[in-house]
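Enquirer: Input structure: run_10.txt, which contains compact mmCIF, C-alpha atoms.
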# COMPACT_ATOMS: atom_id res chain seq x y z
CA MET A 663 88.04 90.19 206.94
CA ARG A 664 84.36 89.42 206.94
CA LYS A 665 83.98 91.07 203.52
CA GLY A 666 87.00 89.13 202.26
CA LYS A 667 85.50 85.83 203.39
CA ARG A 668 82.20 86.65 201.71
CA LEU A 669 84.07 87.45 198.50
CA ILE A 670 85.98 84.15 198.63
CA ALA A 671 82.74 82.24 199.28
CA TRP A 672 81.08 84.00 196.35
CA ILE A 673 83.98 83.16 194.02
CA MET A 674 83.91 79.51 195.12
CA ALA A 675 80.16 79.35 194.48
CA VAL A 676 80.61 80.78 190.97
CA VAL A 677 83.39 78.28 190.22
CA MET A 678 81.22 75.40 191.43
CA LEU A 679 78.27 76.55 189.33
CA PHE A 680 80.51 76.84 186.28
CA THR A 681 81.85 73.34 186.86
CA ILE A 682 78.33 71.92 187.07
CA CYS A 683 77.24 73.68 183.89
CA VAL A 684 80.27 72.71 181.83
CA PHE A 685 81.13 69.27 183.21
CA GLY A 686 77.67 67.97 184.01
CA GLY A 687 78.29 68.10 187.73
CA ASN A 688 81.15 65.60 187.93
CA GLY A 689 84.21 67.45 186.62
CA THR A 690 85.53 64.20 185.11
CA ALA A 691 87.45 63.45 181.91
CA GLU A 692 84.25 64.15 180.01
CA ALA A 693 85.09 67.85 180.50
CA ALA A 694 84.16 69.79 177.40
CA ALA A 695 87.61 71.10 176.52
CA THR A 696 89.27 67.68 176.62
CA THR A 697 87.41 65.72 173.93
CA PRO A 698 88.41 65.63 170.25
CA VAL A 699 85.17 67.22 169.03
CA ALA A 700 85.25 69.91 171.71
CA LYS A 701 88.78 70.87 170.70
CA HIS A 702 88.36 70.67 166.93
CA GLY A 703 84.65 71.12 166.25
CA ARG A 704 83.01 70.53 162.89
CA LEU A 705 85.38 69.24 160.23
CA SER A 706 85.50 70.35 156.61
CA VAL A 707 87.59 69.87 153.48
CA LYS A 708 90.04 72.49 152.27
CA GLY A 709 91.90 71.60 149.11
CA ALA A 710 93.28 68.10 149.64
CA ASP A 711 93.09 68.34 153.42
CA LEU A 712 90.66 67.66 156.22
CA VAL A 713 90.62 70.68 158.53
CA ASP A 714 89.03 71.51 161.87
CA SER A 715 86.71 74.38 162.75
CA LYS A 716 89.69 76.74 163.04
CA GLY A 717 90.95 75.84 159.59
CA ASN A 718 93.89 73.81 160.88
CA LYS A 719 94.82 70.50 159.26
CA PHE A 720 93.34 67.63 161.23
CA GLN A 721 93.81 63.86 161.16
CA LEU A 722 91.27 61.25 162.22
CA ARG A 723 92.80 58.20 163.92
CA GLY A 724 89.90 55.81 163.76
CA ILE A 725 88.85 52.24 164.37
CA SER A 726 86.19 50.48 162.32
CA THR A 727 83.78 48.02 163.83
CA HIS A 728 83.30 44.73 162.06
CA GLY A 729 79.85 44.40 160.50
CA ILE A 730 77.29 45.47 163.08
CA ASN A 731 74.78 43.10 161.45
CA TRP A 732 76.83 40.21 162.90
CA ASP A 733 77.64 39.14 166.45
CA VAL A 734 81.33 39.74 165.71
CA GLY A 735 80.61 43.45 165.36
CA SER A 736 77.48 44.47 167.26
CA PRO A 737 78.70 43.78 170.85
CA TYR A 738 81.43 46.38 170.48
CA VAL A 739 78.99 49.19 169.77
CA ASN A 740 78.99 50.31 173.38
CA LYS A 741 80.09 53.43 175.18
CA LYS A 742 82.72 51.74 177.36
CA ALA A 743 84.40 50.26 174.29
CA PHE A 744 84.58 53.64 172.57
CA LYS A 745 85.86 55.26 175.77
CA THR A 746 88.59 52.63 176.08
CA LEU A 747 89.68 53.37 172.52
CA ARG A 748 89.63 57.11 173.13
CA ASP A 749 91.43 57.13 176.48
CA ASP A 750 93.79 54.15 176.16
CA TRP A 751 94.52 54.00 172.42
CA GLY A 752 94.47 57.64 171.29
CA VAL A 753 91.51 57.02 168.97
CA ASN A 754 89.37 60.03 168.06
CA ALA A 755 86.84 58.47 165.66
CA ILE A 756 84.67 55.38 165.19
CA ARG A 757 83.45 53.87 161.95
CA LEU A 758 80.13 52.04 162.18
CA ALA A 759 80.21 49.43 159.42
CA MET A 760 76.68 48.41 158.42
CA TYR A 761 76.69 45.82 155.64
CA THR A 762 74.06 46.20 152.97
CA GLU A 763 73.83 42.70 151.42
CA GLU A 764 75.67 40.14 153.52
CA TYR A 765 73.97 38.02 156.22
CA ASN A 766 71.38 40.13 158.03
CA GLY A 767 72.39 43.07 155.86
CA TYR A 768 70.26 46.17 155.58
CA CYS A 769 69.12 45.26 152.06
CA SER A 770 69.20 41.46 152.40
CA GLY A 771 66.71 40.56 155.10
CA GLY A 772 68.19 42.15 158.19
CA SER A 773 65.98 44.19 160.49
CA GLN A 774 66.35 47.70 159.16
CA ALA A 775 64.82 49.18 162.30
CA LYS A 776 67.28 47.31 164.54
CA LEU A 777 70.25 48.25 162.39
CA ARG A 778 69.25 51.93 162.35
CA LYS A 779 68.84 51.79 166.11
CA LEU A 780 72.32 50.31 166.50
CA VAL A 781 73.78 53.00 164.27
CA ASP A 782 71.96 55.61 166.37
CA LYS A 783 73.38 54.11 169.55
CA GLY A 784 76.88 54.18 168.10
CA VAL A 785 76.56 57.81 167.03
CA GLY A 786 75.11 58.66 170.43
CA TYR A 787 78.00 57.05 172.32
CA ALA A 788 80.55 58.78 170.10
CA THR A 789 78.76 62.11 170.56
CA ASP A 790 78.67 61.71 174.34
CA LEU A 791 82.42 61.02 174.32
CA GLY A 792 83.26 63.86 171.97
CA MET A 793 84.43 61.53 169.19
CA TYR A 794 83.79 61.62 165.46
CA ALA A 795 81.62 58.90 163.88
CA ILE A 796 81.39 57.56 160.34
CA ILE A 797 78.04 56.08 159.30
CA ASP A 798 79.19 53.50 156.77
CA TRP A 799 76.85 52.13 154.07
CA HIS A 800 79.02 49.04 153.73
CA ILE A 801 78.64 47.86 150.15
CA LEU A 802 80.64 44.74 149.35
CA SER A 803 79.02 41.75 147.64
CA ASP A 804 76.43 44.01 146.00
CA GLY A 805 79.30 45.55 144.02
CA ASN A 806 77.56 48.29 142.08
CA PRO A 807 76.12 50.84 144.54
CA ASN A 808 73.28 51.63 142.16
CA LYS A 809 71.79 48.21 142.90
CA ASN A 810 70.39 49.44 146.23
CA LYS A 811 70.32 53.16 145.51
CA ALA A 812 66.64 53.54 146.43
CA GLN A 813 67.32 52.02 149.86
CA ALA A 814 70.42 54.19 150.24
CA LYS A 815 68.41 57.34 149.53
CA LYS A 816 65.85 56.46 152.21
CA PHE A 817 68.55 55.55 154.73
CA PHE A 818 70.63 58.68 154.24
CA THR A 819 67.53 60.87 154.21
CA THR A 820 66.72 59.52 157.68
CA MET A 821 70.29 59.94 158.91
CA ALA A 822 70.77 63.43 157.46
CA LYS A 823 67.52 64.67 158.99
CA LYS A 824 68.50 63.25 162.36
CA TYR A 825 72.14 64.38 162.45
CA LYS A 826 72.09 67.61 160.48
CA ASN A 827 73.03 69.59 163.60
CA ASN A 828 75.74 67.19 164.81
CA LYS A 829 79.31 68.39 164.43
CA ASN A 830 80.80 64.89 164.60
CA VAL A 831 78.95 62.83 161.99
CA ILE A 832 80.52 61.79 158.66
CA TYR A 833 78.66 59.85 155.95
CA GLU A 834 80.38 57.09 153.97
CA ILE A 835 77.98 56.38 151.14
CA CYS A 836 79.51 53.29 149.50
CA ASN A 837 82.23 51.28 151.21
CA GLU A 838 83.91 49.30 148.43
CA PRO A 839 82.28 49.49 144.99
CA ASN A 840 83.50 46.70 142.74
CA GLY A 841 82.67 45.27 139.34
CA CYS A 842 81.69 48.71 138.07
CA GLY A 843 83.41 51.82 136.81
CA TRP A 844 83.86 55.34 138.13
CA LYS A 845 81.13 56.68 135.84
CA GLU A 846 78.51 54.46 137.53
CA ILE A 847 79.83 55.16 141.03
CA LYS A 848 79.97 58.89 140.32
CA SER A 849 76.35 58.89 139.18
CA TYR A 850 75.25 57.09 142.35
CA ALA A 851 77.37 59.33 144.57
CA THR A 852 76.00 62.52 143.02
CA ASP A 853 72.43 61.38 143.74
CA ILE A 854 73.19 60.41 147.35
CA ILE A 855 75.18 63.58 148.02
CA LYS A 856 72.25 65.60 146.72
CA THR A 857 69.92 63.63 149.01
CA ILE A 858 72.09 64.29 152.08
CA ARG A 859 72.60 67.95 151.26
CA LYS A 860 68.84 68.59 151.30
CA TYR A 861 69.10 68.35 155.09
CA ASP A 862 72.74 68.29 156.15
CA LYS A 863 74.54 71.10 154.38
CA LYS A 864 77.97 70.79 155.95
CA ALA A 865 78.93 67.26 157.00
CA VAL A 866 81.87 65.55 155.33
CA ILE A 867 80.78 62.86 152.85
CA ILE A 868 83.08 59.99 151.81
CA VAL A 869 82.69 58.54 148.32
CA GLY A 870 83.87 55.01 147.59
CA THR A 871 86.08 54.49 144.55
CA PRO A 872 86.48 51.72 141.94
CA THR A 873 87.97 48.28 142.62
CA TRP A 874 87.25 48.06 146.34
CA SER A 875 88.12 51.73 146.94
CA GLN A 876 91.51 51.88 145.26
CA LEU A 877 91.00 55.18 143.42
CA GLY A 878 90.75 53.52 140.01
CA THR A 879 89.75 50.44 138.05
CA ASP A 880 93.29 49.00 137.97
CA GLY A 881 96.66 49.41 139.59
CA THR A 882 97.77 52.42 137.61
CA SER A 883 94.51 54.20 136.67
CA ASN A 884 93.61 57.47 138.36
CA GLU A 885 90.21 58.33 136.93
CA VAL A 886 88.87 59.54 140.28
CA ALA A 887 91.62 62.13 140.70
CA ASP A 888 91.26 63.09 137.04
CA SER A 889 87.46 63.45 137.21
CA PRO A 890 86.22 64.27 140.73
CA ILE A 891 82.65 65.20 141.57
CA LYS A 892 81.90 68.87 140.96
CA GLY A 893 79.45 71.26 142.58
CA TYR A 894 79.64 70.10 146.20
CA LYS A 895 81.89 70.95 149.14
CA ASN A 896 83.26 68.71 151.89
CA ILE A 897 83.58 65.61 149.73
CA MET A 898 86.38 63.07 150.25
CA TYR A 899 87.33 59.89 148.39
CA SER A 900 88.16 56.58 150.00
CA LEU A 901 91.35 54.59 149.65
CA HIS A 902 91.45 51.11 151.21
CA PHE A 903 94.52 48.93 151.57
CA TYR A 904 95.73 45.82 153.36
CA THR A 905 99.42 45.66 154.14
CA SER A 906 99.83 41.97 153.26
CA GLU A 907 98.55 42.50 149.72
CA TRP A 908 101.45 42.78 147.26
CA ALA A 909 99.43 44.77 144.73
CA HIS A 910 98.32 47.30 147.37
CA ASN A 911 101.92 47.95 148.39
CA GLU A 912 103.14 48.00 144.80
CA TYR A 913 100.62 50.37 143.21
CA LEU A 914 98.66 52.35 145.76
CA PRO A 915 101.40 54.61 147.23
CA ALA A 916 101.86 56.13 143.77
CA LYS A 917 98.11 56.75 143.60
CA VAL A 918 98.32 58.61 146.91
CA ALA A 919 101.07 60.83 145.52
CA TYR A 920 99.07 61.46 142.33
CA ALA A 921 95.92 62.29 144.28
CA ARG A 922 97.82 64.80 146.41
CA LYS A 923 99.31 66.37 143.30
CA LYS A 924 95.80 66.74 141.86
CA LYS A 925 94.49 68.16 145.17
CA LEU A 926 92.08 65.24 145.60
CA PRO A 927 91.03 64.89 149.26
CA ILE A 928 91.43 61.22 150.19
CA ILE A 929 90.70 59.36 153.39
CA VAL A 930 91.67 55.82 154.33
CA SER A 931 88.33 54.78 155.75
CA GLU A 932 89.57 51.19 156.03
CA PHE A 933 92.93 49.43 156.22
CA GLY A 934 94.28 46.31 157.83
CA LEU A 935 97.53 44.48 158.53
CA SER A 936 96.36 41.21 156.97
CA PRO A 937 95.50 40.21 153.41
CA ALA A 938 92.27 41.76 152.10
CA SER A 939 90.36 38.64 153.16
CA GLY A 940 90.90 39.68 156.78
CA ASP A 941 92.92 36.58 157.59
CA GLY A 942 96.45 35.34 157.04
CA ALA A 943 99.91 36.62 157.87
CA ILE A 944 100.20 40.25 158.90
CA ASN A 945 102.88 42.53 157.49
CA LYS A 946 104.25 45.02 160.03
CA ALA A 947 107.03 46.24 157.74
CA SER A 948 104.57 47.37 155.09
CA ALA A 949 102.30 48.78 157.78
CA ASP A 950 105.21 50.91 159.03
CA LYS A 951 105.71 52.33 155.54
CA TRP A 952 102.01 53.06 155.12
CA MET A 953 101.69 54.78 158.49
CA LYS A 954 104.71 56.93 157.72
CA LEU A 955 103.26 57.90 154.32
CA LEU A 956 99.79 58.73 155.64
CA ASN A 957 101.18 60.72 158.56
CA LYS A 958 103.44 62.64 156.16
CA TYR A 959 100.37 63.84 154.24
CA ASN A 960 98.20 64.07 157.36
CA ILE A 961 95.72 61.63 155.80
CA SER A 962 93.10 60.20 158.15
CA TYR A 963 92.83 56.43 158.63
CA PHE A 964 90.54 53.80 160.16
CA CYS A 965 91.79 50.33 161.05
CA TRP A 966 89.75 47.15 160.48
CA SER A 967 88.43 45.79 162.82
CA LEU A 968 87.16 46.06 166.38
CA SER A 969 86.30 42.39 166.88
CA ASN A 970 87.41 39.11 168.44
CA LYS A 971 86.62 37.20 165.26
CA ASN A 972 89.12 34.40 164.67
CA GLU A 973 91.09 36.16 161.96
CA SER A 974 94.32 38.12 161.96
CA ALA A 975 92.76 41.51 161.09
CA SER A 976 90.80 41.49 164.36
CA LEU A 977 92.24 43.77 167.02
CA LEU A 978 91.23 41.44 169.84
CA LYS A 979 92.22 37.84 170.47
CA PRO A 980 89.52 35.22 169.80
CA SER A 981 89.73 34.29 173.49
CA THR A 982 88.91 37.85 174.59
CA LYS A 983 85.38 38.02 175.94
CA LYS A 984 85.49 41.57 177.27
CA THR A 985 83.81 44.22 175.13
CA SER A 986 85.74 47.11 176.70
CA GLY A 987 88.57 47.84 179.10
CA TRP A 988 91.07 45.65 177.26
CA LYS A 989 94.56 45.05 178.58
CA SER A 990 97.59 44.08 176.53
CA GLY A 991 96.89 40.38 176.98
CA ASP A 992 93.45 40.82 175.39
CA LEU A 993 94.87 42.23 172.15
CA SER A 994 95.88 40.41 169.00
CA THR A 995 99.23 41.09 167.33
CA ALA A 996 97.45 43.60 165.09
CA GLY A 997 95.75 45.19 168.09
CA LYS A 998 99.01 45.70 169.96
CA TYR A 999 100.60 47.22 166.87
CA ILE A 1000 97.73 49.64 166.20
CA LYS A 1001 97.45 50.77 169.80
CA LYS A 1002 101.18 51.54 169.92
CA LYS A 1003 101.13 53.39 166.59
CA TYR A 1004 98.05 55.46 167.42
CA LEU A 1005 99.38 56.52 170.79
CA ALA A 1006 102.72 57.46 169.23
CA ARG A 1007 100.99 59.55 166.56
CA LYS A 1008 98.86 61.32 169.16
CA LYS A 1009 101.98 62.12 171.17
CA ALA A 1010 103.82 63.36 168.09
CA LEU A 1011 100.96 65.71 167.18
CA GLY A 1012 100.80 67.16 170.69
CA LYS A 1013 98.28 69.99 170.89
CA LYS A 1014 97.26 69.36 167.27
CA ALA A 1015 95.93 65.88 168.13
Starting from the file, lay out its structure as structure tokens.

Expert:
Amino acid sequence: MRKGKRLIAWIMAVVMLFTICVFGGNGTAEAAATTPVAKHGRLSVKGADLVDSKGNKFQLRGISTHGINWDVGSPYVNKKAFKTLRDDWGVNAIRLAMYTEEYNGYCSGGSQAKLRKLVDKGVGYATDLGMYAIIDWHILSDGNPNKNKAQAKKFFTTMAKKYKNNKNVIYEICNEPNGCGWKEIKSYATDIIKTIRKYDKKAVIIVGTPTWSQLGTDGTSNEVADSPIKGYKNIMYSLHFYTSEWAHNEYLPAKVAYARKKKLPIIVSEFGLSPASGDGAINKASADKWMKLLNKYNISYFCWSLSNKNESASLLKPSTKKTSGWKSGDLSTAGKYIKKKYLARKKALGKKA
């Protein structure tokens, strides 16, 4: 019996040591095997699909911050907020939207050091929680990404050097190019991809597409799918839509089908339930159709936006002061809808989630 007790004590000691090593001493929900990144590892692109480290198709269910250069976006870059989204909403990825030219933008007078630090904090929180993170060079009013290409090269050089060993970081190199064609965007993208690949050889890179990331210069053009970037792996192309925009509902689903036919890997790095302005009536019926379509193709998506800004696209009510731990009463109509849909999708995917 004495030998048996010693054996049991030894086994218990080994189990305790293992728990400390793997779980950081607390054995909580942060356990390695339970987080999205721990389960799926580094992502890559295979054909038209995003796949995990085992080669299985994988879908990001993400939330985008509002612009982190504004007070409607920056307060929500905190670990508790991301944990709430992960644990209560079924979110597995965060998009850190850093505007380039708007108020306090990276290229328009904002503190570049402070903005980089905020991006670093966001990536750090996501990494700690085992979530994926998009670093978004959020072009909008600047239109043509070549306008600030020199700044973009410096920024992504810094980021690629810093995060080259991270398994969870994705680079979005131009949010919504507009007022320029695919030839100009493609030239910019090729230069930035080359810059990133000097240091980070494997991370997924998202390329913005013409007309506010709608895969072409007009409703029926498909020049991106017809002429993708060659010579680089793990490249995806962004599609953005807002469910209250008639033109988005009328033309873009066909572009999705065409892109899939051409094996073009697309990702919805931004969508919303409102008009494209971010405010106005939301359209749940169209949102239902879009979610069904994207889930059918296992296309990843990121909803705009994590904010209490007084507009209908915000996921929080304007009256909500909390920056994490939100209850149903804190959520906007859009927020309640997205939380319900994301949780349902996670449940439907089961072990694949």

Enquirer: Around the point (91.0, 37.2, 173.4) in the file's coordinates, collect all residues with an atom within 9 Å, using all atoms listed in the file, and return them as a list in words.

Expert: Asn970, Leu978, Lys979, Pro980, Ser981, Thr982, Lys983, Lys984, Gly991, Asp992, Leu993 and Ser994 of chain A

Enquirer: Which is closer to Ser967 of chain A than all the others in A:Tyr794, A:Tyr904, A:Tyr825, A:Tyr920, using all atoms listed in the file?

Expert: A:Tyr904

Enquirer: Listing only residues of segment 882-938 of chain A within 10 Å of segment 713-726 of chain A, what is the closest atom pair and its distance in Å (to one decimal) for each, using all atoms listed in the file, sorted by chain and residue number ascending, as a tab-separated table?

Expert:
residue	atom	partner	partner_atom	distance
A:Ile929	CA	A:Leu722	CA	9.0
A:Val930	CA	A:Leu722	CA	9.6
A:Ser931	CA	A:Ser726	CA	8.1
A:Glu932	CA	A:Ser726	CA	7.2
A:Phe933	CA	A:Ser726	CA	9.2

Enquirer: Which residues are close to Ala1015 of chain A, i.e. within 10 Å by only C-alpha atoms, leaving aside same-chain residues fewer than 5 positions away? Reply as a PyMOL selection string.

Expert: chain A and resi 698+701-702+720-723+752-754+1007-1010

Enquirer: Extract, using only C-alpha atoms, all DNA, RNA and protein residues at most 7 Å from Asn806 of chain A, discarding same-chain residues fewer than 3 positions from it, and format them as a PyMOL selection string.

Expert: chain A and resi 809+839-842

Enquirer: The selected residues should be written to file as a short mmCIF file (atom, residue, chain, number, x, y, z; two decimals), in the frame of the given file (atoms: C-alpha atoms).

Expert:
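The new file part24.cif reads:
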data_model
loop_
_atom_site.label_atom_id
_atom_site.label_comp_id
_atom_site.auth_asym_id
_atom_site.auth_seq_id
_atom_site.Cartn_x
_atom_site.Cartn_y
_atom_site.Cartn_z
CA LYS A 809 71.79 48.21 142.90
CA PRO A 839 82.28 49.49 144.99
CA ASN A 840 83.50 46.70 142.74
CA GLY A 841 82.67 45.27 139.34
CA CYS A 842 81.69 48.71 138.07
#

Enquirer: Here is a test: counting all atoms listed in the file, which residue of A:Thr873, A:Ser976, A:Ser969, A:Asn957 is nearest to Pro937 of chain A?

Expert: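 Residue with the minimum atom-to-atom distance to Pro937 of chain A: A:Ser976.
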
Enquirer: For atom CA of Thr879 of chain A and atom CA of Tyr765 of chain A, quote the distance in Å rounded to one decimal.

Expert: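 Calculated distance between atom CA of Thr879 of chain A and atom CA of Tyr765 of chain A is 27.1 Å.
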
Enquirer: List every residue of segment 902-935 of chain A that has an atom at most 7 Å from any atom of segment 881-890 of chain A, giving for each one its closest atom pair and the distance in Å to one decimal, counting only C-alpha atoms, sorted by chain and then by ascending residue number, as a Markdown table.

Expert:
| residue | atom | partner | partner_atom | distance |
| --- | --- | --- | --- | --- |
| A:Tyr913 | CA | A:Gly881 | CA | 5.5 |
| A:Lys917 | CA | A:Asn884 | CA | 6.9 |
| A:Ala921 | CA | A:Ala887 | CA | 5.6 |
| A:Lys924 | CA | A:Ala887 | CA | 6.3 |
| A:Leu926 | CA | A:Ala887 | CA | 5.8 |

Enquirer: Could the centre and edge lengths of an axis-aligned box, enclosing all atoms of segment 701-713 of chain A in the file with 6 Å extra on each side, be given in Å to one decimal as JSON?

Expert:
{"center_x": 88.1, "center_y": 70.1, "center_z": 159.9, "size_x": 22.3, "size_y": 16.8, "size_z": 33.6}

Enquirer: Give one line per residue of segment 794-865 of chain A that approaches segment 771-779 of chain A to at most 10 Å, naming the two atoms of the closest pair and their distance in Å to one decimal, counting all atoms listed in the file; sort by chain then ascending residue number and deliver it as CSV.

Expert:
residue,atom,partner,partner_atom,distance
A:Phe817,CA,A:Arg778,CA,8.5
A:Thr820,CA,A:Arg778,CA,9.3
A:Met821,CA,A:Arg778,CA,8.8

Enquirer: Include C-alpha atoms and write out the residues we just selected as an mmCIF file, in the coordinates of the input.

Expert:
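To be explicit, this is the file written out as out_23.cif:
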data_model
loop_
_atom_site.group_PDB
_atom_site.id
_atom_site.type_symbol
_atom_site.label_atom_id
_atom_site.label_comp_id
_atom_site.auth_asym_id
_atom_site.auth_seq_id
_atom_site.Cartn_x
_atom_site.Cartn_y
_atom_site.Cartn_z
ATOM 1 C CA PHE A 817 68.550 55.550 154.730
ATOM 2 C CA THR A 820 66.720 59.520 157.680
ATOM 3 C CA MET A 821 70.290 59.940 158.910
#

Enquirer: Could you check which residues have any atom within 12 Å of (90.6, 53.8, 174.3), counting all atoms listed in the file with coordinates taken straight from the file, and then list them as a ChimeraX atom specification?

Expert: /A:723-725,741-756,788,791,793,968,985-989,997,1000-1002,1004-1005

Enquirer: Restricting it to C-alpha atoms, dump the selection as a PDB file, in the coordinates of the input.

Expert:
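out.pdb, written as the output of this step:
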ATOM      1  CA  ARG A 723      92.800  58.200 163.920  1.00  0.00           C
ATOM      2  CA  GLY A 724      89.900  55.810 163.760  1.00  0.00           C
ATOM      3  CA  ILE A 725      88.850  52.240 164.370  1.00  0.00           C
ATOM      4  CA  LYS A 741      80.090  53.430 175.180  1.00  0.00           C
ATOM      5  CA  LYS A 742      82.720  51.740 177.360  1.00  0.00           C
ATOM      6  CA  ALA A 743      84.400  50.260 174.290  1.00  0.00           C
ATOM      7  CA  PHE A 744      84.580  53.640 172.570  1.00  0.00           C
ATOM      8  CA  LYS A 745      85.860  55.260 175.770  1.00  0.00           C
ATOM      9  CA  THR A 746      88.590  52.630 176.080  1.00  0.00           C
ATOM     10  CA  LEU A 747      89.680  53.370 172.520  1.00  0.00           C
ATOM     11  CA  ARG A 748      89.630  57.110 173.130  1.00  0.00           C
ATOM     12  CA  ASP A 749      91.430  57.130 176.480  1.00  0.00           C
ATOM     13  CA  ASP A 750      93.790  54.150 176.160  1.00  0.00           C
ATOM     14  CA  TRP A 751      94.520  54.000 172.420  1.00  0.00           C
ATOM     15  CA  GLY A 752      94.470  57.640 171.290  1.00  0.00           C
ATOM     16  CA  VAL A 753      91.510  57.020 168.970  1.00  0.00           C
ATOM     17  CA  ASN A 754      89.370  60.030 168.060  1.00  0.00           C
ATOM     18  CA  ALA A 755      86.840  58.470 165.660  1.00  0.00           C
ATOM     19  CA  ILE A 756      84.670  55.380 165.190  1.00  0.00           C
ATOM     20  CA  ALA A 788      80.550  58.780 170.100  1.00  0.00           C
ATOM     21  CA  LEU A 791      82.420  61.020 174.320  1.00  0.00           C
ATOM     22  CA  MET A 793      84.430  61.530 169.190  1.00  0.00           C
ATOM     23  CA  LEU A 968      87.160  46.060 166.380  1.00  0.00           C
ATOM     24  CA  THR A 985      83.810  44.220 175.130  1.00  0.00           C
ATOM     25  CA  SER A 986      85.740  47.110 176.700  1.00  0.00           C
ATOM     26  CA  GLY A 987      88.570  47.840 179.100  1.00  0.00           C
ATOM     27  CA  TRP A 988      91.070  45.650 177.260  1.00  0.00           C
ATOM     28  CA  LYS A 989      94.560  45.050 178.580  1.00  0.00           C
ATOM     29  CA  GLY A 997      95.750  45.190 168.090  1.00  0.00           C
ATOM     30  CA  ILE A1000      97.730  49.640 166.200  1.00  0.00           C
ATOM     31  CA  LYS A1001      97.450  50.770 169.800  1.00  0.00           C
ATOM     32  CA  LYS A1002     101.180  51.540 169.920  1.00  0.00           C
ATOM     33  CA  TYR A1004      98.050  55.460 167.420  1.00  0.00           C
ATOM     34  CA  LEU A1005      99.380  56.520 170.790  1.00  0.00           C
TER      35      LEU A1005
END

Enquirer: Could you check the closest approach to Ser906 of chain A for each of A:Lys958, A:Arg859, A:Lys811, A:Lys946 and tell me which residue wins, using only C-alpha atoms?

Expert: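 Checking each candidate against Ser906 of chain A, we get A:Lys946 as the closest.
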
Enquirer: So, with all atoms listed in the file as the atoms that count, which of A:Asn810, A:Thr819, A:Asn945, A:Asn830 lies closest to Gly784 of chain A?

Expert: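 Looking only at the distances to Gly784 of chain A, the closest residue turns out to be A:Asn830.
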
Enquirer: Using only C-alpha atoms for the distances, tell me which of A:Leu977, A:Ile891, A:Val869, A:Ile801 is nearest to Cys965 of chain A.

Expert: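 Result for the nearest residue to Cys965 of chain A: A:Leu977.
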